[in-house]
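Source file work.cif; content: mmCIF, C-alpha atoms.
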```cif
data_data
loop_
_atom_site.label_atom_id
_atom_site.label_comp_id
_atom_site.auth_asym_id
_atom_site.auth_seq_id
_atom_site.Cartn_x
_atom_site.Cartn_y
_atom_site.Cartn_z
CA MET A 1 -7.71 40.50 0.95
CA PRO A 2 -10.54 38.16 2.01
CA SER A 3 -9.90 35.32 4.40
CA PRO A 4 -8.27 32.84 4.72
CA TYR A 5 -4.96 34.65 5.03
CA ILE A 6 -2.64 31.62 4.92
CA LEU A 7 -1.35 31.12 1.39
CA ASP A 8 -0.40 27.58 0.41
CA ARG A 9 1.61 27.55 -2.80
CA THR A 10 1.88 23.75 -2.89
CA SER A 11 0.21 22.41 -6.03
CA VAL A 12 -1.09 18.93 -6.69
CA THR A 13 1.69 18.40 -9.22
CA VAL A 14 4.42 19.28 -6.72
CA VAL A 15 2.95 16.98 -4.06
CA MET A 16 2.60 14.09 -6.51
CA ALA A 17 6.13 14.64 -7.80
CA TRP A 18 7.51 14.39 -4.26
CA VAL A 19 5.56 11.18 -3.70
CA LEU A 20 7.18 9.73 -6.81
CA VAL A 21 10.61 10.85 -5.61
CA ALA A 22 9.97 9.25 -2.22
CA LEU A 23 9.21 5.94 -3.95
CA LEU A 24 12.54 5.90 -5.82
CA PRO A 25 14.58 4.38 -2.93
CA ALA A 26 12.16 1.46 -2.77
CA ILE A 27 12.26 1.00 -6.55
CA ALA A 28 16.06 1.02 -6.50
CA ALA A 29 16.06 -1.51 -3.64
CA TYR A 30 13.54 -3.65 -5.53
CA VAL A 31 15.75 -3.79 -8.63
CA TRP A 32 18.87 -4.50 -6.55
CA LEU A 33 17.27 -7.22 -4.44
CA PHE A 34 14.76 -8.84 -6.82
CA GLY A 35 15.84 -7.96 -10.35
CA PRO A 36 14.64 -5.55 -13.04
CA GLY A 37 11.17 -7.03 -13.55
CA ILE A 38 9.58 -4.30 -11.41
CA LEU A 39 10.67 -1.70 -14.00
CA LEU A 40 8.51 -3.42 -16.61
CA THR A 41 5.55 -3.50 -14.23
CA LEU A 42 5.97 0.19 -13.40
CA SER A 43 6.32 1.18 -17.06
CA LEU A 44 3.29 -0.79 -18.21
CA ALA A 45 1.15 0.49 -15.34
CA THR A 46 2.23 4.10 -16.00
CA VAL A 47 1.44 3.99 -19.71
CA THR A 48 -1.93 2.36 -19.04
CA ALA A 49 -2.82 4.86 -16.31
CA VAL A 50 -1.94 7.93 -18.38
CA ALA A 51 -3.83 6.60 -21.42
CA ALA A 52 -6.89 5.75 -19.30
CA GLU A 53 -6.75 9.15 -17.59
CA ALA A 54 -6.64 10.96 -20.94
CA ALA A 55 -9.48 8.86 -22.36
CA MET A 56 -11.71 9.48 -19.33
CA LEU A 57 -10.98 13.21 -19.30
CA LYS A 58 -11.88 13.46 -22.97
CA ALA A 59 -15.07 11.44 -22.44
CA ARG A 60 -16.07 13.74 -19.56
CA GLY A 61 -15.31 16.92 -21.50
CA TYR A 62 -12.33 18.04 -19.41
CA PRO A 63 -9.06 19.42 -20.81
CA ILE A 64 -6.49 16.65 -20.98
CA LYS A 65 -3.13 18.36 -20.55
CA PRO A 66 -3.50 20.05 -17.14
CA PHE A 67 -5.11 17.04 -15.47
CA VAL A 68 -2.79 14.42 -16.94
CA GLY A 69 0.12 16.67 -16.01
CA ASP A 70 -0.79 16.69 -12.31
CA LEU A 71 0.89 13.25 -11.99
CA SER A 72 -1.93 11.78 -9.88
CA ALA A 73 -2.49 8.98 -12.39
CA VAL A 74 1.22 8.14 -12.35
CA VAL A 75 1.22 7.96 -8.54
CA THR A 76 -1.74 5.56 -8.64
CA ALA A 77 0.07 3.45 -11.24
CA TRP A 78 3.27 3.27 -9.19
CA LEU A 79 1.48 2.41 -5.95
CA LEU A 80 -0.44 -0.38 -7.67
CA ALA A 81 2.63 -1.67 -9.50
CA LEU A 82 4.65 -1.83 -6.29
CA SER A 83 1.84 -3.86 -4.72
CA LEU A 84 1.80 -6.43 -7.53
CA PRO A 85 4.19 -9.31 -8.22
CA SER A 86 7.03 -7.99 -10.37
CA LEU A 87 6.58 -10.87 -12.82
CA ALA A 88 2.80 -10.60 -13.08
CA PRO A 89 1.46 -11.09 -16.63
CA TRP A 90 0.93 -7.90 -18.62
CA TRP A 91 -2.84 -8.27 -18.85
CA LEU A 92 -3.08 -8.44 -15.05
CA ILE A 93 -1.22 -5.13 -14.71
CA VAL A 94 -3.36 -3.48 -17.38
CA THR A 95 -6.62 -4.77 -15.88
CA GLY A 96 -5.80 -3.57 -12.38
CA THR A 97 -4.63 -0.16 -13.58
CA LEU A 98 -7.68 0.37 -15.78
CA PHE A 99 -10.00 -0.52 -12.91
CA ALA A 100 -8.16 1.84 -10.58
CA ILE A 101 -8.30 4.82 -12.94
CA VAL A 102 -11.61 4.30 -14.73
CA VAL A 103 -13.81 2.85 -12.00
CA ALA A 104 -12.28 3.79 -8.64
CA LYS A 105 -11.26 7.30 -9.69
CA HIS A 106 -13.26 8.74 -12.58
CA LEU A 107 -16.62 7.05 -12.05
CA TYR A 108 -16.61 8.67 -8.61
CA GLY A 109 -15.91 12.11 -10.10
CA GLY A 110 -12.15 12.18 -10.62
CA LEU A 111 -9.33 13.47 -8.44
CA GLY A 112 -10.58 14.63 -5.06
CA GLN A 113 -13.92 12.82 -5.32
CA ASN A 114 -12.98 9.17 -4.98
CA VAL A 115 -14.24 7.44 -1.84
CA PHE A 116 -11.72 4.59 -1.98
CA ASN A 117 -8.01 4.61 -2.68
CA PRO A 118 -7.82 3.77 -6.42
CA ALA A 119 -4.62 1.73 -6.23
CA MET A 120 -6.02 -0.46 -3.46
CA VAL A 121 -9.27 -0.96 -5.34
CA GLY A 122 -7.28 -2.19 -8.33
CA TYR A 123 -5.25 -4.51 -6.11
CA ALA A 124 -8.33 -5.89 -4.34
CA VAL A 125 -10.04 -6.67 -7.65
CA LEU A 126 -6.99 -8.56 -8.88
CA ILE A 127 -6.33 -10.58 -5.73
CA VAL A 128 -9.98 -11.67 -5.56
CA SER A 129 -10.33 -12.40 -9.29
CA PHE A 130 -6.90 -13.83 -10.15
CA PRO A 131 -5.35 -15.25 -6.96
CA VAL A 132 -3.04 -17.66 -8.79
CA GLN A 133 -1.49 -15.00 -11.03
CA MET A 134 -1.02 -12.77 -7.99
CA THR A 135 1.47 -15.24 -6.52
CA GLN A 136 4.08 -14.88 -9.29
CA TRP A 137 6.63 -13.05 -7.12
CA ALA A 138 10.29 -12.91 -8.12
CA GLY A 139 12.46 -14.47 -5.45
CA PRO A 140 15.34 -12.56 -3.83
CA LEU A 141 18.40 -12.69 -6.07
CA GLU A 142 20.55 -14.14 -3.28
CA LEU A 143 18.22 -17.15 -3.13
CA THR A 144 17.78 -17.55 -6.89
CA ALA A 145 20.04 -19.93 -8.78
CA THR A 146 19.50 -18.20 -12.14
CA PRO A 147 18.72 -14.49 -11.66
CA LEU A 148 16.57 -13.04 -14.41
CA GLY A 149 17.75 -10.27 -16.71
CA MET A 150 15.52 -7.68 -18.32
CA GLY A 151 14.98 -9.81 -21.43
CA GLN A 152 13.88 -12.90 -19.51
CA SER A 153 11.68 -10.79 -17.23
CA ALA A 154 10.00 -9.26 -20.26
CA ALA A 155 9.43 -12.72 -21.74
CA ILE A 156 7.61 -13.82 -18.57
CA VAL A 157 5.57 -10.63 -18.24
CA PHE A 158 4.48 -10.57 -21.88
CA GLY A 159 3.68 -14.27 -22.10
CA ALA A 160 6.49 -15.58 -24.27
CA ASP A 161 7.32 -19.27 -24.19
CA VAL A 162 9.19 -19.76 -20.92
CA SER A 163 9.93 -23.16 -19.48
CA ARG A 164 8.09 -24.06 -16.30
CA SER A 165 11.37 -25.08 -14.72
CA LEU A 166 12.80 -21.58 -15.25
CA LEU A 167 9.68 -19.96 -13.83
CA ASP A 168 9.79 -22.21 -10.77
CA ALA A 169 13.47 -21.40 -10.32
CA VAL A 170 13.02 -17.63 -10.20
CA THR A 171 9.67 -17.29 -8.42
CA MET A 172 8.77 -18.26 -4.89
CA ALA A 173 6.24 -17.61 -2.19
CA THR A 174 6.57 -14.43 -0.17
CA PRO A 175 7.34 -14.68 3.57
CA LEU A 176 3.69 -13.96 4.38
CA ASP A 177 2.57 -16.72 1.99
CA SER A 178 5.12 -19.13 3.46
CA LEU A 179 4.08 -18.38 7.03
CA ARG A 180 0.40 -18.81 6.25
CA THR A 181 0.97 -22.08 4.36
CA GLY A 182 3.17 -23.49 7.10
CA LEU A 183 0.69 -22.66 9.84
CA LEU A 184 -2.11 -24.27 7.84
CA GLN A 185 0.06 -27.41 7.69
CA GLN A 186 0.19 -27.42 11.51
CA GLN A 187 3.78 -26.23 11.69
CA THR A 188 4.87 -23.81 14.39
CA VAL A 189 6.21 -20.34 13.63
CA ASP A 190 9.72 -21.43 14.69
CA GLU A 191 9.59 -24.30 12.21
CA VAL A 192 8.33 -22.13 9.37
CA VAL A 193 10.89 -19.33 9.77
CA ARG A 194 13.78 -21.76 9.31
CA GLN A 195 13.19 -21.50 5.56
CA PRO A 196 15.74 -19.42 3.60
CA ILE A 197 13.05 -16.90 2.59
CA PHE A 198 13.01 -15.60 6.17
CA GLY A 199 15.67 -13.11 7.23
CA GLN A 200 16.65 -11.57 10.56
CA ILE A 201 13.50 -9.58 11.28
CA GLY A 202 11.42 -10.06 8.14
CA GLY A 203 11.79 -11.79 4.82
CA THR A 204 15.14 -12.11 3.08
CA GLY A 205 15.38 -9.00 0.93
CA PHE A 206 11.87 -7.93 1.89
CA GLU A 207 13.07 -6.34 5.15
CA TRP A 208 15.42 -4.05 3.20
CA LEU A 209 12.61 -3.17 0.81
CA ALA A 210 10.49 -2.24 3.84
CA ALA A 211 13.33 -0.05 5.10
CA ALA A 212 13.44 1.72 1.73
CA PHE A 213 9.70 2.47 1.93
CA LEU A 214 10.27 3.75 5.47
CA LEU A 215 13.02 6.06 4.21
CA GLY A 216 10.75 7.46 1.51
CA GLY A 217 7.92 7.89 3.99
CA LEU A 218 10.14 9.81 6.39
CA LEU A 219 11.08 12.11 3.52
CA LEU A 220 7.42 12.90 2.89
CA TRP A 221 6.93 13.55 6.61
CA ALA A 222 10.00 15.82 6.75
CA LEU A 223 8.62 17.82 3.83
CA ARG A 224 5.23 18.00 5.62
CA ILE A 225 3.49 16.37 2.68
CA ILE A 226 2.07 13.81 5.08
CA SER A 227 1.36 14.19 8.79
CA TRP A 228 2.68 11.86 11.47
CA GLN A 229 -0.65 10.65 12.85
CA VAL A 230 -1.64 8.04 10.26
CA PRO A 231 1.75 6.28 9.77
CA LEU A 232 2.56 6.21 13.48
CA ALA A 233 -0.90 4.98 14.46
CA PHE A 234 -0.83 2.37 11.69
CA LEU A 235 2.55 0.96 12.73
CA VAL A 236 1.77 1.07 16.46
CA ALA A 237 -1.56 -0.70 16.00
CA ALA A 238 -0.02 -3.38 13.79
CA TRP A 239 2.84 -3.90 16.26
CA LEU A 240 0.61 -4.06 19.33
CA THR A 241 -1.97 -6.36 17.71
CA ALA A 242 0.67 -8.76 16.39
CA GLY A 243 2.61 -8.51 19.65
CA PHE A 244 -0.48 -9.32 21.73
CA LEU A 245 -1.16 -12.47 19.67
CA HIS A 246 2.51 -13.48 19.65
CA PHE A 247 2.78 -13.03 23.43
CA PHE A 248 -0.04 -15.47 24.12
CA ASP A 249 0.88 -18.06 21.49
CA ALA A 250 4.26 -17.59 19.80
CA GLY A 251 3.87 -20.90 18.02
CA ARG A 252 0.79 -19.84 16.07
CA PHE A 253 1.31 -16.10 15.53
CA GLY A 254 4.24 -14.32 13.92
CA ALA A 255 6.37 -11.81 15.81
CA PRO A 256 5.35 -8.14 15.62
CA TRP A 257 8.62 -7.11 13.96
CA PHE A 258 7.99 -9.67 11.20
CA HIS A 259 4.61 -8.12 10.41
CA VAL A 260 5.70 -4.48 10.65
CA PHE A 261 8.81 -4.99 8.51
CA ALA A 262 6.79 -6.42 5.65
CA PRO A 263 7.04 -4.00 2.68
CA SER A 264 3.26 -3.83 2.30
CA VAL A 265 2.88 -2.39 5.82
CA MET A 266 5.44 0.38 5.23
CA LEU A 267 3.98 1.14 1.81
CA GLY A 268 0.47 1.20 3.25
CA ALA A 269 1.32 3.26 6.32
CA PHE A 270 3.26 6.04 4.58
CA PHE A 271 1.99 6.14 1.00
CA ILE A 272 -1.56 4.74 0.87
CA ALA A 273 -3.28 5.30 4.21
CA THR A 274 -2.08 8.92 4.10
CA ASP A 275 -4.12 9.63 0.95
CA PRO A 276 -5.74 13.02 1.72
CA VAL A 277 -8.80 12.23 -0.42
CA SER A 278 -9.89 8.80 0.79
CA GLY A 279 -8.41 9.07 4.28
CA ALA A 280 -9.48 10.94 7.41
CA THR A 281 -8.78 14.67 7.51
CA THR A 282 -8.97 15.70 11.17
CA PRO A 283 -5.98 15.16 13.52
CA ARG A 284 -7.88 12.81 15.84
CA GLY A 285 -9.54 11.19 12.85
CA LYS A 286 -6.16 10.38 11.33
CA LEU A 287 -5.14 8.61 14.52
CA ILE A 288 -8.34 6.58 14.51
CA PHE A 289 -7.94 5.79 10.81
CA GLY A 290 -4.35 4.61 11.27
CA LEU A 291 -5.17 2.56 14.37
CA GLY A 292 -8.07 0.87 12.60
CA ALA A 293 -6.05 0.11 9.47
CA GLY A 294 -3.14 -1.35 11.43
CA PHE A 295 -5.41 -3.48 13.60
CA LEU A 296 -7.43 -4.78 10.65
CA THR A 297 -4.26 -5.59 8.71
CA ILE A 298 -3.13 -8.08 11.35
CA VAL A 299 -6.64 -9.46 11.83
CA ILE A 300 -7.05 -10.13 8.10
CA ARG A 301 -3.55 -11.62 7.85
CA THR A 302 -4.29 -13.93 10.76
CA TRP A 303 -7.84 -15.07 10.09
CA GLY A 304 -8.72 -13.79 6.61
CA GLY A 305 -8.62 -15.59 3.32
CA PHE A 306 -5.51 -13.78 2.00
CA PRO A 307 -1.94 -13.69 3.35
CA ASP A 308 -1.81 -9.89 3.40
CA GLY A 309 -4.52 -7.55 4.62
CA VAL A 310 -3.23 -4.01 4.02
CA ALA A 311 -5.38 -3.27 0.98
CA PHE A 312 -8.61 -4.59 2.49
CA ALA A 313 -7.88 -2.88 5.83
CA ILE A 314 -7.44 0.50 4.16
CA LEU A 315 -10.54 0.05 2.00
CA LEU A 316 -12.61 -0.85 5.06
CA MET A 317 -11.33 2.24 6.86
CA ASN A 318 -12.12 4.34 3.77
CA LEU A 319 -15.75 3.37 4.36
CA CYS A 320 -15.54 4.75 7.89
CA VAL A 321 -14.01 8.13 6.97
CA PRO A 322 -17.27 10.17 6.83
CA LEU A 323 -18.24 8.92 10.28
CA ILE A 324 -14.74 9.44 11.67
CA ASP A 325 -14.51 13.00 10.36
CA GLN A 326 -18.00 13.86 11.58
CA TYR A 327 -17.25 12.92 15.18
CA THR A 328 -13.66 14.22 15.38
CA GLN A 329 -14.14 17.75 14.10
CA PRO A 330 -12.05 20.13 16.23
CA ARG A 331 -13.78 22.99 18.01
CA VAL A 332 -14.03 26.13 15.88
CA TYR A 333 -11.66 28.84 17.11
CA GLY A 334 -13.56 31.23 19.38
CA GLU A 335 -16.55 28.95 19.76
CA VAL A 336 -18.06 28.88 23.25
CA ARG A 337 -19.06 25.42 24.37
CA LYS A 338 -22.69 25.27 25.43
CA GLU A 339 -23.35 23.95 28.88
CA PRO A 340 -25.82 21.07 28.96
CA ARG A 341 -29.21 21.89 30.33
CA ARG A 342 -29.94 20.61 33.79
#
```
Is it possible to give me this structure as structure tokens?
Amino acid sequence: MPSPYILDRTSVTVVMAWVLVALLPAIAAYVWLFGPGILLTLSLATVTAVAAEAAMLKARGYPIKPFVGDLSAVVTAWLLALSLPSLAPWWLIVTGTLFAIVVAKHLYGGLGQNVFNPAMVGYAVLIVSFPVQMTQWAGPLELTATPLGMGQSAAIVFGADVSRSLLDAVTMATPLDSLRTGLLQQQTVDEVVRQPIFGQIGGTGFEWLAAAFLLGGLLLWALRIISWQVPLAFLVAAWLTAGFLHFFDAGRFGAPWFHVFAPSVMLGAFFIATDPVSGATTPRGKLIFGLGAGFLTIVIRTWGGFPDGVAFAILLMNLCVPLIDQYTQPRVYGEVRKEPRR
């Protein structure tokens, strides 16, 4: 039998299926803490992604069934949906998903060829193009006077006539939005975090959602679907960067635990930055990739134009992957290092 001799029976479908399973705790927590609107977002994104995948495969002359069945389009849809407000209008979800599948994935050659993470490309396009619609987050149920059911959530998502008073009652700014707005109004961090939206270490409800993403990420690590380098480096860099700023001026910069226990950081560290296609591939390269993404996340949150920086941090690091991989290639087994000439 020709080399290599190590047989890996893990298929793309199996890996993608495990990623979807690992996201289920976070989805369950989302429904429990924020209501069923996220199920509509996930369903709409999934249908759009599968339809776009099939259309692009047919246009490119590829067989539809085996490629649609690998679940990669569904994973992209779920990652994007979990990054969007659960009460975002339907056309926003469809637009972001189409851009992720058609442009960020297939125009670069399809699965395995994309330079950027498709879900984060879709998110970045939406947050830049439709910033107002990207703020329609459902508030935690414990802080909402009139929790939404599935029917009311569907009415908001699909643009039915909903009173502005109802919409204002069930939506609110995220903790990151609230912190950024308060600091811009010259309030201190201690003054801002007195709002009910802030919990013990993160946002009310949001800290438990972050814990659910962490649980799913640890499952992927235990199954060896992802390696430890990227998530650990991402979280350490985010903690140290936020901690450094907080140490020197606690009134202007949020605590490191607040930043790390934001759901976007846990989602980014375990599910997005670990993308084997758009991320670094060498062991040292993964550490560099994770450190850079975590550092840039806090930098963008602190001085950038948007309250969260995970998507832009990962996309910027995607640009650096060829250079990172080139200079972190491990020595070939048996290779003799050449002594420099004197």
query = Care to translate the PyMOL selection byres ((chain A and resi 245) around 12) into actual residues of this file, as JSON, numbers by chain?
reply = {"A": [238, 239, 240, 241, 242, 243, 244, 246, 247, 248, 249, 250, 251, 252, 253, 254, 255, 256, 259, 295, 298, 299, 302, 303]}
key: Pick from A:Ala59, A:Ile156, A:Ile272, A:Ala210 nearest to Ala88 (chain A), counting only C-alpha atoms   = A:Ile156
request  = Would you list the contacts of Pro89 (chain A) as JSON, numbers by chain, taking every protein, DNA or RNA residue within 12 Å and counting all atoms listed in the file, but skipping same-chain residues closer than 2 positions in sequence?
outcome  = {"A": [37, 38, 40, 41, 44, 45, 81, 84, 85, 86, 87, 91, 92, 93, 94, 95, 96, 126, 130, 132, 133, 134, 135, 136, 137, 153, 154, 155, 156, 157, 158, 159, 160]}
request  = Please indicate the distance in Å from CA of Ala49 (chain A) to CA of Lys105 (chain A), rounded to one decimal place.
outcome  =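 It comes out at 11.0 Å.
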inquiry  = Calculated over all atoms listed in the file, which of the candidates A:Gln187, A:Ile300, A:Pro196, A:Tyr123 has the smallest distance to Met172 (chain A)?
reply    =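 Among the listed residues, the smallest separation from Met172 (chain A) belongs to A:Pro196.
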inquiry  = Using all atoms listed in the file, can you tell me which of A:Pro66, A:Gly182, A:Gly279, A:Gly285 comes closest to Leu315 (chain A)?
reply    =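 Smallest distance to Leu315 (chain A) is found for A:Gly279.
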ask   = Rounded to one decimal in Å, what is the spacing between CA of Ala28 (chain A) and CA of Ala212 (chain A)?
value =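 Here the two named atoms are 8.7 Å from each other.
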message = Going by the chain IDs and residue numbers used in this file, which residues fall under the PyMOL selection byres ((chain A and resi 148) around 12)? Write them as number ranges by chain.
response = A: 31-38, 86-87, 138-142, 144-147, 149-157, 162, 166-171
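Closest approach to Ala52 (chain A) among A:Ala77, A:Ile101, A:Thr13, A:Thr281: A:Ile101, based on all atoms listed in the file.
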Expand the PyMOL selection byres ((chain A and resi 195) around 12) into the individual residues it matches in the shown file, reporting them as a compact mmCIF listing (two decimals) with C-alpha atoms, in the frame of the given file.
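Contents of expr.txt, freshly written:
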```
# COMPACT_ATOMS: atom_id res chain seq x y z
CA LEU A 143 18.22 -17.15 -3.13
CA MET A 172 8.77 -18.26 -4.89
CA ALA A 173 6.24 -17.61 -2.19
CA THR A 174 6.57 -14.43 -0.17
CA PRO A 175 7.34 -14.68 3.57
CA SER A 178 5.12 -19.13 3.46
CA LEU A 179 4.08 -18.38 7.03
CA GLY A 182 3.17 -23.49 7.10
CA VAL A 189 6.21 -20.34 13.63
CA ASP A 190 9.72 -21.43 14.69
CA GLU A 191 9.59 -24.30 12.21
CA VAL A 192 8.33 -22.13 9.37
CA VAL A 193 10.89 -19.33 9.77
CA ARG A 194 13.78 -21.76 9.31
CA PRO A 196 15.74 -19.42 3.60
CA ILE A 197 13.05 -16.90 2.59
CA PHE A 198 13.01 -15.60 6.17
CA GLY A 199 15.67 -13.11 7.23
CA GLN A 200 16.65 -11.57 10.56
CA GLY A 202 11.42 -10.06 8.14
CA GLY A 203 11.79 -11.79 4.82
CA THR A 204 15.14 -12.11 3.08
```
query = Taking all atoms listed in the file into account, which of A:Ser72, A:Ser264, A:Thr282, A:Ser83 comes nearest Gly110 (chain A)?
reply =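 Checking each of A:Ser72, A:Ser264, A:Thr282, A:Ser83 against Gly110 (chain A), counting all atoms listed in the file, the winner is A:Ser72.
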